[in-house]
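Enquirer: upload_32.cif is the file, holding mmCIF, C-alpha atoms:
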data_model
loop_
_atom_site.label_atom_id
_atom_site.label_comp_id
_atom_site.auth_asym_id
_atom_site.auth_seq_id
_atom_site.Cartn_x
_atom_site.Cartn_y
_atom_site.Cartn_z
CA GLU T 1 108.74 68.94 40.57
CA LEU T 2 105.58 68.28 42.58
CA ARG T 3 103.72 65.02 42.08
CA ASP T 4 100.52 63.68 43.61
CA GLU T 5 100.96 61.36 46.58
CA GLY T 6 97.65 60.29 48.07
CA ALA T 7 95.95 63.24 49.72
CA GLY T 8 99.13 65.32 49.44
CA PHE T 9 102.19 65.72 47.28
CA ARG T 10 105.80 64.70 47.05
CA ALA T 11 108.65 66.74 45.63
CA GLU T 12 111.21 65.30 43.24
CA LYS T 13 114.48 67.15 42.79
CA ARG T 14 115.27 68.04 39.22
CA PRO T 15 118.80 68.69 37.87
CA ASP T 16 120.30 72.07 38.76
CA LEU T 17 119.28 74.72 36.26
CA ILE T 18 122.20 77.05 36.88
CA GLN T 19 125.39 76.56 38.88
CA SER T 20 128.89 78.00 39.17
CA ASP T 21 132.26 77.02 40.54
CA ARG T 22 132.81 80.60 41.68
CA ARG T 23 132.69 80.99 45.44
CA GLU T 24 130.93 84.34 45.09
CA PHE T 25 127.87 82.81 43.39
CA ARG T 26 125.08 83.06 45.98
CA PRO T 27 121.62 82.52 44.47
CA VAL T 28 119.18 83.67 47.17
CA ASN T 29 115.86 83.88 45.31
CA VAL T 30 114.22 82.66 42.12
CA LYS T 31 111.14 84.06 40.38
CA ILE T 32 109.38 83.52 37.09
CA GLY T 33 108.81 86.86 35.40
CA PRO T 34 105.79 88.00 33.40
CA ASP T 35 107.79 87.28 30.24
CA GLY T 36 108.14 83.60 31.17
CA ALA T 37 111.88 83.83 31.86
CA ILE T 38 113.41 82.64 35.15
CA TYR T 39 115.10 85.34 37.19
CA VAL T 40 117.78 84.38 39.73
CA CYS T 41 118.81 86.91 42.35
CA ASP T 42 122.56 86.38 42.89
CA TRP T 43 123.89 87.99 46.09
CA TYR T 44 127.42 87.54 44.67
CA ASN T 45 129.44 87.67 47.88
CA PRO T 46 132.57 85.78 48.93
CA THR T 47 131.65 86.03 52.62
CA ILE T 48 128.37 84.92 54.10
CA GLY T 49 127.16 83.93 57.54
CA HIS T 50 126.95 85.84 60.82
CA TYR T 51 129.01 83.50 63.00
CA GLN T 52 131.65 82.50 60.49
CA ALA T 53 132.82 86.07 59.79
CA SER T 54 132.39 89.49 61.31
CA TYR T 55 129.91 91.94 59.88
CA ARG T 56 132.91 94.25 59.43
CA ASP T 57 134.96 91.66 57.53
CA PRO T 58 136.60 93.66 54.69
CA LYS T 59 136.01 90.76 52.29
CA ARG T 60 132.25 91.34 52.43
CA ASP T 61 131.21 92.79 49.09
CA ARG T 62 128.66 95.55 49.81
CA THR T 63 128.41 96.95 46.30
CA HIS T 64 127.97 94.07 43.86
CA GLY T 65 125.12 91.70 43.06
CA ARG T 66 123.41 90.58 39.89
CA ILE T 67 120.23 89.19 38.38
CA TRP T 68 120.47 86.28 35.96
CA ARG T 69 117.74 85.84 33.37
CA VAL T 70 117.36 82.28 32.10
CA GLU T 71 115.30 81.88 28.96
CA SER T 72 114.67 79.15 26.40
CA LYS T 73 116.63 79.30 23.16
CA SER T 74 113.84 77.55 21.28
CA LYS T 75 110.81 79.53 22.52
CA PRO T 76 110.04 83.24 22.34
CA LEU T 77 109.42 85.19 25.53
CA VAL T 78 105.83 85.85 26.55
CA LYS T 79 104.35 89.24 25.76
CA ARG T 80 103.06 90.70 29.00
CA PRO T 81 99.41 91.79 28.77
CA LYS T 82 98.66 95.33 30.00
CA LEU T 83 96.28 94.30 32.75
CA GLU T 84 96.27 97.76 34.28
CA GLU T 85 94.56 99.10 31.15
CA MET T 86 91.90 96.40 30.85
CA THR T 87 88.21 96.57 31.72
CA THR T 88 86.65 94.15 34.19
CA ARG T 89 85.31 92.01 31.36
CA GLN T 90 88.71 91.93 29.65
CA LEU T 91 90.36 90.92 32.93
CA LEU T 92 87.95 88.00 33.22
CA GLN T 93 88.96 86.86 29.75
CA GLN T 94 92.57 86.69 30.98
CA LEU T 95 91.56 83.83 33.28
CA ASP T 96 91.71 81.65 30.15
CA SER T 97 95.38 82.50 29.66
CA PRO T 98 97.77 79.52 29.53
CA GLU T 99 100.20 81.60 31.64
CA ARG T 100 99.70 81.05 35.36
CA LEU T 101 101.24 84.40 36.29
CA THR T 102 98.84 86.22 33.97
CA ARG T 103 95.88 84.49 35.60
CA VAL T 104 97.16 85.26 39.10
CA ASN T 105 97.75 88.94 38.33
CA ALA T 106 94.37 89.26 36.61
CA LYS T 107 92.70 87.82 39.72
CA LYS T 108 94.61 90.26 41.91
CA ARG T 109 93.26 93.14 39.82
CA LEU T 110 89.73 91.71 39.97
CA PHE T 111 89.97 91.29 43.73
CA ASP T 112 90.94 94.94 44.17
CA LEU T 113 87.92 96.14 42.17
CA PRO T 114 84.56 96.76 43.90
CA THR T 115 82.54 93.61 44.53
CA GLU T 116 79.47 95.01 42.79
CA ALA T 117 81.53 95.57 39.64
CA VAL T 118 83.07 92.09 39.56
CA VAL T 119 80.60 89.50 40.90
CA PRO T 120 77.76 90.07 38.36
CA LEU T 121 80.26 89.58 35.53
CA VAL T 122 81.65 86.45 37.21
CA ASP T 123 78.11 85.05 37.44
CA GLU T 124 77.54 85.90 33.80
CA TRP T 125 80.84 84.27 32.87
CA LEU T 126 79.89 81.12 34.80
CA ASP T 127 76.46 80.96 33.12
CA GLY T 128 78.14 81.01 29.73
CA LEU T 129 80.57 78.17 30.42
CA ASN T 130 80.39 75.03 28.33
CA SER T 131 80.69 71.95 30.56
CA GLU T 132 82.10 70.00 27.60
CA ALA T 133 84.95 72.47 27.02
CA PRO T 134 88.43 71.14 27.87
CA ASN T 135 89.13 74.09 30.19
CA TYR T 136 85.80 73.88 32.03
CA ALA T 137 87.33 72.64 35.31
CA GLN T 138 90.03 75.32 35.21
CA ARG T 139 87.41 78.02 34.69
CA LEU T 140 85.39 76.79 37.67
CA TYR T 141 88.53 76.95 39.77
CA GLU T 142 89.30 80.54 38.73
CA ALA T 143 85.71 81.71 39.24
CA SER T 144 85.38 80.05 42.65
CA GLY T 145 88.57 81.78 43.80
CA LEU T 146 87.21 85.18 42.78
CA LEU T 147 83.88 84.61 44.50
CA ALA T 148 85.63 83.44 47.65
CA ALA T 149 87.91 86.49 47.60
CA HIS T 150 84.88 88.77 47.43
CA GLU T 151 83.15 86.64 50.12
CA VAL T 152 80.16 85.87 47.92
CA VAL T 153 78.56 82.45 48.49
CA ARG T 154 77.20 80.45 45.55
CA PRO T 155 75.60 77.15 46.71
CA ASP T 156 74.85 76.09 43.12
CA LEU T 157 78.55 76.33 42.27
CA ILE T 158 79.37 74.02 45.19
CA ASP T 159 76.88 71.44 43.90
CA VAL T 160 78.57 71.46 40.50
CA MET T 161 82.14 71.32 41.84
CA ILE T 162 81.71 68.36 44.20
CA GLN T 163 80.21 66.26 41.39
CA LEU T 164 82.82 67.05 38.74
CA GLU T 165 84.99 64.27 37.36
CA GLU T 166 88.20 66.18 38.15
CA PRO T 167 89.14 65.33 41.79
CA ARG T 168 91.12 68.55 42.30
CA ILE T 169 87.97 70.58 41.69
CA ARG T 170 85.98 68.32 44.04
CA ALA T 171 88.66 68.95 46.68
CA ILE T 172 88.33 72.72 46.23
CA GLY T 173 84.56 72.35 46.42
CA ALA T 174 84.92 70.57 49.77
CA ARG T 175 87.22 73.32 51.00
CA LEU T 176 84.73 76.00 49.99
CA ILE T 177 81.95 74.27 51.93
CA GLY T 178 83.95 74.97 55.06
CA ARG T 179 84.81 78.53 54.09
CA TRP T 180 81.21 79.29 53.07
CA SER T 181 79.53 77.28 55.83
CA ASN T 182 77.83 80.33 57.35
CA GLY T 183 76.06 80.98 54.05
CA LEU T 184 74.98 77.40 53.28
CA ASP T 185 71.75 75.82 54.50
CA ASN T 186 73.28 72.50 55.56
CA PRO T 187 77.06 72.36 55.04
CA LEU T 188 77.44 69.14 57.03
CA ALA T 189 75.04 67.33 54.69
CA LEU T 190 77.29 68.28 51.77
CA LEU T 191 80.41 67.23 53.67
CA ARG T 192 78.88 63.84 54.43
CA LEU T 193 78.95 63.27 50.67
CA THR T 194 82.51 64.44 50.12
CA ALA T 195 83.74 62.53 53.20
CA LEU T 196 83.27 59.29 51.22
CA ASP T 197 84.76 60.59 47.97
CA PRO T 198 87.00 58.03 46.21
CA HIS T 199 89.93 60.49 46.04
CA PRO T 200 91.94 60.92 49.26
CA ARG T 201 92.55 64.66 48.77
CA VAL T 202 88.82 65.32 48.69
CA ARG T 203 88.46 63.40 51.95
CA MET T 204 91.33 65.35 53.52
CA GLU T 205 89.78 68.69 52.48
CA THR T 206 86.46 67.47 53.91
CA ILE T 207 88.08 66.81 57.29
CA LEU T 208 89.64 70.27 57.30
CA ALA T 209 86.38 71.88 56.15
CA CYS T 210 84.65 70.38 59.20
CA THR T 211 86.89 72.47 61.47
CA HIS T 212 85.13 75.61 60.19
CA ILE T 213 81.75 74.42 61.50
CA PRO T 214 81.31 74.94 65.27
CA ALA T 215 78.94 72.05 65.87
CA PRO T 216 79.38 68.73 67.73
CA GLU T 217 78.26 66.79 64.65
CA ALA T 218 81.19 68.16 62.65
CA ILE T 219 83.57 65.65 64.24
CA GLU T 220 81.20 62.80 63.29
CA VAL T 221 81.40 63.89 59.65
CA ALA T 222 85.19 64.22 59.82
CA ALA T 223 85.46 60.71 61.30
CA THR T 224 83.33 59.33 58.45
CA ALA T 225 86.26 60.00 56.09
CA LEU T 226 88.26 57.39 58.01
CA ASP T 227 86.03 54.61 56.67
CA LEU T 228 88.14 54.65 53.51
CA PRO T 229 91.93 54.21 53.24
CA ARG T 230 94.03 56.73 55.14
CA ASP T 231 97.50 58.17 54.64
CA ARG T 232 99.76 60.49 56.64
CA PHE T 233 98.14 63.60 55.19
CA ILE T 234 94.63 62.47 56.16
CA ASP T 235 95.84 61.39 59.61
CA TYR T 236 97.40 64.80 60.22
CA ALA T 237 94.26 66.61 59.03
CA PHE T 238 92.15 64.45 61.34
CA SER T 239 94.43 65.25 64.27
CA LEU T 240 93.91 68.96 63.60
CA ALA T 241 90.14 68.47 63.38
CA VAL T 242 89.90 66.54 66.66
CA HIS T 243 91.71 69.26 68.59
CA ALA T 244 90.12 72.21 66.79
CA LEU T 245 86.59 70.90 67.34
CA ARG T 246 87.20 69.62 70.87
CA PRO T 247 85.27 72.46 72.57
CA HIS T 248 82.19 71.37 70.62
CA TRP T 249 82.28 67.56 70.63
CA LEU T 250 83.61 66.76 74.12
CA ALA T 251 80.63 68.06 76.10
CA ALA T 252 78.17 66.53 73.62
CA LEU T 253 79.92 63.17 73.86
CA ASN T 254 79.82 63.24 77.66
CA ARG T 255 76.08 63.95 77.46
CA GLY T 256 75.60 60.97 75.13
CA GLN T 257 74.54 63.16 72.19
CA LEU T 258 77.05 61.72 69.69
CA ASP T 259 76.89 58.12 68.51
CA PHE T 260 79.03 58.28 65.32
CA GLY T 261 76.36 56.37 63.46
CA GLY T 262 76.92 53.40 65.72
CA ASN T 263 80.44 53.02 64.31
CA GLN T 264 82.75 52.36 67.24
CA LEU T 265 85.88 52.61 65.08
CA ARG T 266 85.10 56.25 64.31
CA LEU T 267 84.56 57.00 67.97
CA ARG T 268 87.74 55.20 68.91
CA ALA T 269 89.71 57.23 66.35
CA VAL T 270 88.54 60.46 67.99
CA LEU T 271 89.27 59.27 71.53
CA ASP T 272 92.69 57.88 70.59
CA GLU T 273 93.66 61.13 68.90
CA ASP T 274 92.48 63.25 71.83
CA GLY T 275 94.28 61.08 74.38
CA SER T 276 93.49 63.36 77.33
CA ALA T 277 92.30 62.72 80.88
CA ASP T 278 88.95 64.23 79.89
CA THR T 279 88.22 61.35 77.53
CA LEU T 280 89.98 58.60 79.48
CA SER T 281 86.85 58.04 81.58
CA ILE T 282 84.84 57.44 78.39
CA VAL T 283 87.43 54.96 77.13
CA ARG T 284 87.33 53.15 80.50
CA ARG T 285 83.55 52.89 80.39
CA LEU T 286 83.51 51.53 76.84
CA ALA T 287 86.30 49.07 77.65
CA GLU T 288 84.42 47.82 80.70
CA GLU T 289 81.43 47.18 78.45
CA GLY T 290 83.54 44.55 76.71
CA ASP T 291 84.56 46.20 73.42
CA SER T 292 88.03 44.83 72.65
CA GLU T 293 88.87 47.81 70.43
CA PHE T 294 88.54 50.10 73.45
CA LEU T 295 90.66 47.74 75.53
CA ILE T 296 93.47 48.54 73.11
CA SER T 297 92.74 52.27 73.41
CA LEU T 298 92.77 51.98 77.19
CA ILE T 299 96.15 50.27 77.06
CA ARG T 300 97.47 53.16 75.02
CA LEU T 301 95.99 55.90 77.21
CA GLY T 302 95.59 54.39 80.68
CA ASP T 303 97.77 53.80 83.73
CA ALA T 304 99.09 50.62 85.33
CA SER T 305 95.76 49.71 86.94
CA ASP T 306 94.01 50.14 83.57
CA LEU T 307 96.56 47.78 82.04
CA SER T 308 95.87 45.25 84.81
CA PHE T 309 92.17 45.33 83.95
CA CYS T 310 92.92 44.90 80.23
CA PHE T 311 95.25 41.99 80.99
CA ARG T 312 92.60 40.18 83.03
CA VAL T 313 89.71 40.56 80.60
CA GLY T 314 91.77 40.32 77.43
CA LEU T 315 93.96 37.37 78.32
CA GLU T 316 92.66 35.31 75.39
CA ASN T 317 92.68 38.17 72.87
CA PRO T 318 95.95 38.23 70.89
CA ASN T 319 95.41 41.86 69.83
CA VAL T 320 95.10 42.95 73.44
CA LEU T 321 98.20 40.97 74.42
CA HIS T 322 100.15 42.50 71.55
CA ALA T 323 99.08 46.01 72.65
CA LEU T 324 100.26 45.24 76.19
CA LEU T 325 103.63 44.12 74.87
CA GLU T 326 103.96 47.28 72.79
CA ALA T 327 103.05 49.46 75.78
CA ALA T 328 105.82 47.81 77.79
CA ARG T 329 108.36 47.93 74.99
CA VAL T 330 107.73 51.45 73.76
CA HIS T 331 106.43 53.34 76.81
CA GLY T 332 107.64 51.21 79.73
CA LYS T 333 104.04 50.80 80.95
CA LYS T 334 103.16 47.52 82.62
CA PRO T 335 100.17 46.12 84.52
#
Please go through the file and, once you have read it, give me the structure as structure tokens.
Expert:
Amino acid sequence: ELRDEGAGFRAEKRPDLIQSDRREFRPVNVKIGPDGAIYVCDWYNPTIGHYQASYRDPKRDRTHGRIWRVESKSKPLVKRPKLEEMTTRQLLQQLDSPERLTRVNAKKRLFDLPTEAVVPLVDEWLDGLNSEAPNYAQRLYEASGLLAAHEVVRPDLIDVMIQLEEPRIRAIGARLIGRWSNGLDNPLALLRLTALDPHPRVRMETILACTHIPAPEAIEVAATALDLPRDRFIDYAFSLAVHALRPHWLAALNRGQLDFGGNQLRLRAVLDEDGSADTLSIVRRLAEEGDSEFLISLIRLGDASDLSFCFRVGLENPNVLHALLEAARVHGKKP
């Protein structure tokens, strides 16, 4: 069972649904069918593995196997809709189905149809949505997926999604800004808003969306998301953004064209994550200007002579001294 955990998720193991004390029981795949039942593909073989037994081992069963169907005793099976016989408008109506598989298969059918036959009806469907309806957010999600699949940009839809109360829809809105950036007038202006969203998943999606925009300023927007609390998912996304956007921000930074809004912590986060010789000179310059935060970065990235400089100028700064101790303890680096 998946549960929210900050910007990401965590998985909790539930009790085994089906098990056997027979050695031959080898469940190798599980699917939920269109009828709502759970189907378990059972290889049913007493001998498995390629090192433990020869391919020619006579105990290998080459003829048997079985499919288990697990269904609820208290609920009827779902009646599968005949999607292949439905019109485009009828397929759109299936996006309201409570069955996830029905919605997924309906979207697959709608994706395979010509764009000019689908998109006008999607727009019409969106225009008729009631924002007070309980399934309004779900409908926006389904419609945005169809439009993205047909590569049709709708800026007005983005504006609605990133202001919705449901954070999952705001996160998808942020993701679409990146995917649709070529068709939006100012995608970075929108991402500056979502970068400070109260929900961490929206901020993570904002950081990743920035990687789709080949502009030096994109890394400034991504770093803005670090003003609010971080977690391991956001940190990993930011690492990806720093390295993906490096060809765009490094030259601009060397030319003095990026100032990160005067926020040195954002700049330091980028330089620390990059950690290369190309940015070490920038870290040295900033440290020599007396910023103690960059002294700590220099300790992390620099060589023995850099550590000597940090020791001399940071002798009365406990944070600098602690960083020097950690460099010696963890990396064996000393002034």
Enquirer: Selection in question (the file shown): the PyMOL selection byres ((chain T and resi 113-126) around 9). Which residues does it include, as a list in words?
Expert: Thr88, Arg89, Leu92, Lys108, Arg109, Leu110, Phe111, Asp112, Asp127, Gly128, Leu129, Asn130, Arg139, Leu140, Ala143, Leu146, Leu147, His150, Glu151, Val152 and Leu157 of chain T
Enquirer: Hey, can you check how far CA of Ile207 (chain T) sits from CA of Arg170 (chain T)?
Expert: 13.5 Å
Enquirer: Go through T:Leu271, T:Leu258, T:Leu253, T:Leu208 one by one, measure the shortest atom-to-atom distance of each to Ala241 (chain T) using all atoms listed in the file, and give the residue with the smallest value.
Expert: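 Under the stated criterion, the closest residue is T:Leu208.
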Enquirer: Step by step, work through what the PyMOL selection byres ((chain T and resi 303-307) around 8) selects in the shown file, and finish by giving those residues as a list in words.
Expert: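 Written out, the selection comes to Arg284, Leu298, Ile299, Leu301, Gly302, Ser308, Phe309, Cys310, Phe311, Leu324, Lys333, Lys334 and Pro335 of chain T.
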Enquirer: Could you expand the PyMOL selection byres ((chain T and resi 210) around 9) into the explicit residues it covers here, written as a list in words?
Expert: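 Those residues are Ile177, Gly178, Pro187, Leu188, Leu191, Glu205, Thr206, Ile207, Leu208, Ala209, Thr211, His212, Ile213, Pro214, Ala215, Ala218, Ile219, Val221, Ala222, Ala241 and Leu245 of chain T.
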Enquirer: Can you tell me how far CA of Arg230 (chain T) sits from CA of Arg10 (chain T), in Å to one decimal?
Expert: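 We find that CA of Arg230 (chain T) and CA of Arg10 (chain T) lie 16.4 Å from each other.
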Enquirer: Taking (129.4, 91.3, 52.5) in the file's coordinates as the center, which residues reach within 12 Å of it, counting all atoms listed in the file, put as an NGL selection string?
Expert: :T and (24 or 26 or 43-50 or 53-65)
Enquirer: May I ask for the distance between CA of Glu142 (chain T) and CA of Ala106 (chain T), given in Å to one decimal place?
Expert: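 For CA of Glu142 (chain T) relative to CA of Ala106 (chain T), the distance reads 10.3 Å.
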Enquirer: Please work out which residues fall within 10 Å of (118.8, 85.9, 35.8), coordinates as given in the file, with all atoms listed in the file counting, and return them as a list in words.
Expert: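 Those residues, ordered by chain and then number, are Ile18, Pro27, Val30, Lys31, Ile32, Ala37, Ile38, Tyr39, Val40, Cys41, Asp42, Arg66, Ile67, Trp68, Arg69, Val70 and Glu71 of chain T.
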Enquirer: How big is the axis-aligned box, and where does its centre sit, when it encloses all atoms of region 184-191 of chain T listed in the file and has 3 Å added on every side, reported in Å to one decimal as AutoDock Vina command-line options?
Expert:
--center_x 76.1 --center_y 72.3 --center_z 54.4 --size_x 14.7 --size_y 16.2 --size_z 11.3
Enquirer: Which of these, T:Pro155, T:Ala252, T:Ala149, T:Ser144, has the shortest distance to Ile169 (chain T) once you count only C-alpha atoms?
Expert: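 Ranking T:Pro155, T:Ala252, T:Ala149, T:Ser144 by distance to Ile169 (chain T), first place goes to T:Ser144.
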Enquirer: Taking into account all atoms listed in the file, which residue in the set T:Arg100, T:Lys82, T:Arg246, T:Arg3 is nearest to Gly36 (chain T)?
Expert: T:Arg100
Enquirer: Can you work out which one of T:Ala223, T:Pro229, T:Ala287, T:Gln257 has the shortest atom-to-atom distance to Glu273 (chain T), counting all atoms listed in the file?
Expert: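 That would be T:Ala223, the residue with the smallest distance to Glu273 (chain T).
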